[in-house]
2 protein chains.
Amino acid sequence: MGDAGNGRIYVLRLGHRPERDKRVTTHVALVARAFGAHGFILADVCDEHVMNSIRRVLDRWGGRMYLECGVSGSRYVKEWRRRGGLVVHLTMYGLHIDDVIDEIRASPKPKLVVVGAEKVPRLFYEEADYNVAIGHQPHSEVAALAVFLDRLYMGLELHLSFPEAKVVVEPSAHGKKVVKRG
Amino acid sequence: MGDAGNGRIYVLRLGHRPERDKRVTTHVALVARAFGAHGFILADVCDEHVMNSIRRVLDRWGGRMYLECGVSGSRYVKEWRRRGGLVVHLTMYGLHIDDVIDEIRASPKPKLVVVGAEKVPRLFYEEADYNVAIGHQPHSEVAALAVFLDRLYMGLELHLSFPEAKVVVEPSAHGKKVVKRG
């Protein structure tokens with residue numbers, strides 16, 4: 001289980017089916033990193049495609065992240081709460097983000113953001129401290145995670161610089177510029 | 001080509017590879033709908049898996065959207081500009097969203113938001129009025145589109161109600177409530 005220091009954010013991905021979801025779950029992991037989460041945990045399976053993709057990005061683009069896979073999602077959530085952490089489950093059936101984000105942000109507890117694929121077991125709805133809807137329309141867990149973290153960090157996460165990056169982008173109006181570091 | 005009325009937003013998805021990307025592209029289409037875009041255009045191919053997924057969601061959850069597929073992305077972009085529209089290409093190599101979003105929002109032109117998969121041809125970087133980075137880290141076109149539209153609409157899009165919805169969610173702290181309409 002990750003280091004649940006105060007203010008830290010971990011993302012737990014549930015229900016990953018390796019063949020079907022490998023790209024979507026990779027996007028979830030990359031969003032977790034790019035939007036400032038401190039850890040990414042893949043429940044049930046260790047899909048090396050996903051885990052290696054995030055490791056490669058960490059190596060090249062920098063940042064440090066706690067990574068884990070193959071855990072039981074339900075046990076992880078229960079243990080997180082037992083240790084005093086907050087569990088936030090993203091679901092279109094939950095409370096609107098605008099009604100709860102300030103309260104969640106104000107909590108000093110370490111936060112576990114739970115992101116499902118299809119058909120999340122009822123237990124997670126019950127165990128979560130917050131079930132949060134990024135709007136009440138069906139869309140995407142990748143989008144939901146990004147908007148949740150963007151609101152939580154109030155946009156500051158898009159200005160993070162990542163330690164030990166080998167390359168950084170130099171913003172460009174009409175091209176691609178990547179600069180080597182070190 | 002979609003009805004490019006003032007203030008309207010269309011999303012053009014490039015580089016879709018049916019086997020590999022069907023779920024990610026479906027997420028792009030669902031985000032386009034849920035976050036208030038008026039049209040979704042899939043370049044190069046007509047992947048019925050993707051198009052049927054978005055049609056099913058429109059049928060059940062409501063909303064109207066212009067849908068098109070199999071177009072040439074480069075011709076579409078050129079024609080959009082020729083007709084007086086604005087082209088916004090989302091890419092981690094572009095200008096930071098915080099530096100350009102107000103200018104883009106202020107433009108009365110209809111906007112075509114171009115969302116690539118891997119390796120977008122240089123032409124799109126050159127033809128776009130704006131190349132916009134949702135941060136300069138690698139993550140996800142699904143996340144990029146969601147955050148772009150969220151910033152463009154200043155969060156109002158998460159409160160849209162969709163005409164002709166057969167079902168709507170009733171927000172719930174710890175369960176799932178869906179109410180039939182009509």
# chains A, B, ... in the order shown; residues from 1 in each chain; ligands from 1
$ interface_residues --of "chain B" --to "chain A" --cutoff "6 Å" --atoms "only C-alpha atoms" --output "short mmCIF file (atom, residue, chain, number, x, y, z; two decimals) with C-alpha atoms, in the first residue's frame"
data_model
loop_
_atom_site.label_atom_id
_atom_site.label_comp_id
_atom_site.auth_asym_id
_atom_site.auth_seq_id
_atom_site.Cartn_x
_atom_site.Cartn_y
_atom_site.Cartn_z
CA HIS B 27 -14.50 7.91 -25.24
CA LEU B 30 -18.80 10.53 -25.65
CA VAL B 31 -16.77 13.34 -24.12
CA ALA B 34 -21.24 15.15 -22.67
CA TYR B 93 3.58 20.51 -28.08
CA GLY B 94 1.32 23.55 -28.45
CA LEU B 95 0.79 26.73 -26.47
CA TYR B 125 0.19 21.78 -36.75
CA GLU B 126 0.62 24.23 -39.62
CA ASN B 131 -2.13 24.38 -31.28
CA GLY B 135 -0.16 20.80 -20.10
CA GLN B 137 3.09 16.16 -20.52
CA HIS B 139 -1.37 11.88 -21.32
CA SER B 140 -4.57 11.33 -23.27
CA VAL B 142 -9.72 12.01 -24.08
CA ALA B 143 -8.50 14.00 -21.08
CA ALA B 146 -12.50 17.14 -21.66
CA LEU B 158 -21.37 19.78 -16.61
CA PRO B 171 -27.56 12.26 -7.99
CA SER B 172 -26.95 9.87 -5.16
CA ALA B 173 -24.50 9.82 -2.26
CA HIS B 174 -24.09 6.03 -2.19
CA GLY B 175 -26.06 4.33 -4.95
CA LYS B 176 -27.32 4.45 -8.52
#
$ residues_around --residues "range 109-120 of chain B" --least-positions-apart "6" --cutoff "8 Å" --atoms "only C-alpha atoms" --output "ChimeraX atom specification"
/B:4-16,77,80,84-91,141,145
$ write_last_selection --atoms "N, CA and C atoms" --output "mmCIF file, in the first residue's frame"
data_model
loop_
_atom_site.group_PDB
_atom_site.id
_atom_site.type_symbol
_atom_site.label_atom_id
_atom_site.label_comp_id
_atom_site.auth_asym_id
_atom_site.auth_seq_id
_atom_site.Cartn_x
_atom_site.Cartn_y
_atom_site.Cartn_z
ATOM 1 N N ALA B 4 -21.866 25.110 -39.356
ATOM 2 C CA ALA B 4 -20.855 25.840 -38.603
ATOM 3 C C ALA B 4 -21.377 27.194 -38.128
ATOM 4 N N GLY B 5 -22.518 27.161 -37.452
ATOM 5 C CA GLY B 5 -23.073 28.401 -36.892
ATOM 6 C C GLY B 5 -22.106 28.987 -35.874
ATOM 7 N N ASN B 6 -22.284 30.247 -35.588
ATOM 8 C CA ASN B 6 -21.404 30.910 -34.610
ATOM 9 C C ASN B 6 -21.449 30.220 -33.258
ATOM 10 N N GLY B 7 -20.300 30.119 -32.654
ATOM 11 C CA GLY B 7 -20.219 29.574 -31.304
ATOM 12 C C GLY B 7 -20.314 28.066 -31.249
ATOM 13 N N ARG B 8 -20.501 27.439 -32.393
ATOM 14 C CA ARG B 8 -20.648 25.988 -32.354
ATOM 15 C C ARG B 8 -19.281 25.310 -32.322
ATOM 16 N N ILE B 9 -19.263 24.143 -31.696
ATOM 17 C CA ILE B 9 -18.018 23.402 -31.510
ATOM 18 C C ILE B 9 -18.156 22.015 -32.112
ATOM 19 N N TYR B 10 -17.248 21.680 -32.996
ATOM 20 C CA TYR B 10 -17.210 20.336 -33.556
ATOM 21 C C TYR B 10 -15.877 19.691 -33.202
ATOM 22 N N VAL B 11 -15.915 18.390 -33.051
ATOM 23 C CA VAL B 11 -14.691 17.655 -32.718
ATOM 24 C C VAL B 11 -14.344 16.739 -33.885
ATOM 25 N N LEU B 12 -13.137 16.865 -34.379
ATOM 26 C CA LEU B 12 -12.636 16.010 -35.466
ATOM 27 C C LEU B 12 -11.574 15.074 -34.910
ATOM 28 N N ARG B 13 -11.837 13.782 -34.988
ATOM 29 C CA ARG B 13 -10.899 12.776 -34.499
ATOM 30 C C ARG B 13 -10.057 12.237 -35.659
ATOM 31 N N LEU B 14 -8.750 12.381 -35.549
ATOM 32 C CA LEU B 14 -7.812 11.912 -36.580
ATOM 33 C C LEU B 14 -7.159 10.592 -36.189
ATOM 34 N N GLY B 15 -6.694 9.878 -37.194
ATOM 35 C CA GLY B 15 -5.750 8.773 -36.974
ATOM 36 C C GLY B 15 -6.312 7.567 -36.252
ATOM 37 N N HIS B 16 -7.628 7.392 -36.344
ATOM 38 C CA HIS B 16 -8.253 6.260 -35.664
ATOM 39 C C HIS B 16 -7.893 4.936 -36.350
ATOM 40 N N VAL B 77 -10.168 20.195 -42.466
ATOM 41 C CA VAL B 77 -9.568 21.339 -41.767
ATOM 42 C C VAL B 77 -9.425 22.533 -42.698
ATOM 43 N N TRP B 80 -12.852 23.960 -43.424
ATOM 44 C CA TRP B 80 -13.366 24.648 -42.232
ATOM 45 C C TRP B 80 -12.810 26.075 -42.160
ATOM 46 N N GLY B 84 -14.381 30.184 -42.905
ATOM 47 C CA GLY B 84 -14.362 31.193 -41.832
ATOM 48 C C GLY B 84 -14.359 30.633 -40.425
ATOM 49 N N GLY B 85 -14.150 29.336 -40.286
ATOM 50 C CA GLY B 85 -14.126 28.731 -38.955
ATOM 51 C C GLY B 85 -12.723 28.740 -38.356
ATOM 52 N N LEU B 86 -12.684 28.490 -37.065
ATOM 53 C CA LEU B 86 -11.427 28.451 -36.324
ATOM 54 C C LEU B 86 -11.036 26.990 -36.086
ATOM 55 N N VAL B 87 -9.756 26.690 -36.272
ATOM 56 C CA VAL B 87 -9.283 25.319 -36.045
ATOM 57 C C VAL B 87 -8.349 25.296 -34.837
ATOM 58 N N VAL B 88 -8.699 24.463 -33.868
ATOM 59 C CA VAL B 88 -7.919 24.322 -32.639
ATOM 60 C C VAL B 88 -7.428 22.885 -32.559
ATOM 61 N N HIS B 89 -6.144 22.699 -32.605
ATOM 62 C CA HIS B 89 -5.566 21.350 -32.542
ATOM 63 C C HIS B 89 -4.991 21.127 -31.143
ATOM 64 N N LEU B 90 -5.446 20.073 -30.483
ATOM 65 C CA LEU B 90 -4.955 19.781 -29.136
ATOM 66 C C LEU B 90 -3.695 18.923 -29.224
ATOM 67 N N THR B 91 -2.617 19.433 -28.685
ATOM 68 C CA THR B 91 -1.346 18.710 -28.716
ATOM 69 C C THR B 91 -0.464 19.180 -27.566
ATOM 70 N N GLU B 141 -5.741 12.011 -25.263
ATOM 71 C CA GLU B 141 -6.589 12.918 -26.041
ATOM 72 C C GLU B 141 -7.990 13.007 -25.446
ATOM 73 N N LEU B 145 -9.357 16.690 -24.464
ATOM 74 C CA LEU B 145 -10.618 17.234 -24.972
ATOM 75 C C LEU B 145 -11.534 17.656 -23.823
#
$ atom_distance --atom1 "CA of Ser107 in chain A" --atom2 "CA of Arg81 in chain A"
13.6 Å
$ atom_distance --atom1 "CA of Ile104 in chain B" --atom2 "CA of Gly36 in chain A"
26.0 Å
$ residues_around --residues "Arg55 in chain B" --least-positions-apart "5" --cutoff "9 Å" --atoms "only C-alpha atoms" --output "short mmCIF file (atom, residue, chain, number, x, y, z; two decimals) with N, CA and C atoms, in the first residue's frame"
data_model
loop_
_atom_site.label_atom_id
_atom_site.label_comp_id
_atom_site.auth_asym_id
_atom_site.auth_seq_id
_atom_site.Cartn_x
_atom_site.Cartn_y
_atom_site.Cartn_z
N VAL B 50 -17.73 2.55 -33.09
CA VAL B 50 -17.68 3.89 -32.49
C VAL B 50 -18.97 4.65 -32.78
N ARG B 60 -30.54 7.15 -25.90
CA ARG B 60 -30.99 6.89 -24.53
C ARG B 60 -30.86 8.12 -23.63
N LEU B 67 -23.16 14.03 -36.77
CA LEU B 67 -22.18 12.93 -36.84
C LEU B 67 -21.75 12.70 -38.29
#
$ closest_residue --among "B:Lys180, B:Ala106, B:Val71, B:Gly63" --to "Tyr153 in chain B" --atoms "only C-alpha atoms"
B:Ala106
$ closest_residue --among "B:Met154, B:Leu58, B:Cys69, B:Leu42" --to "Asp102 in chain B" --atoms "only C-alpha atoms"
B:Met154
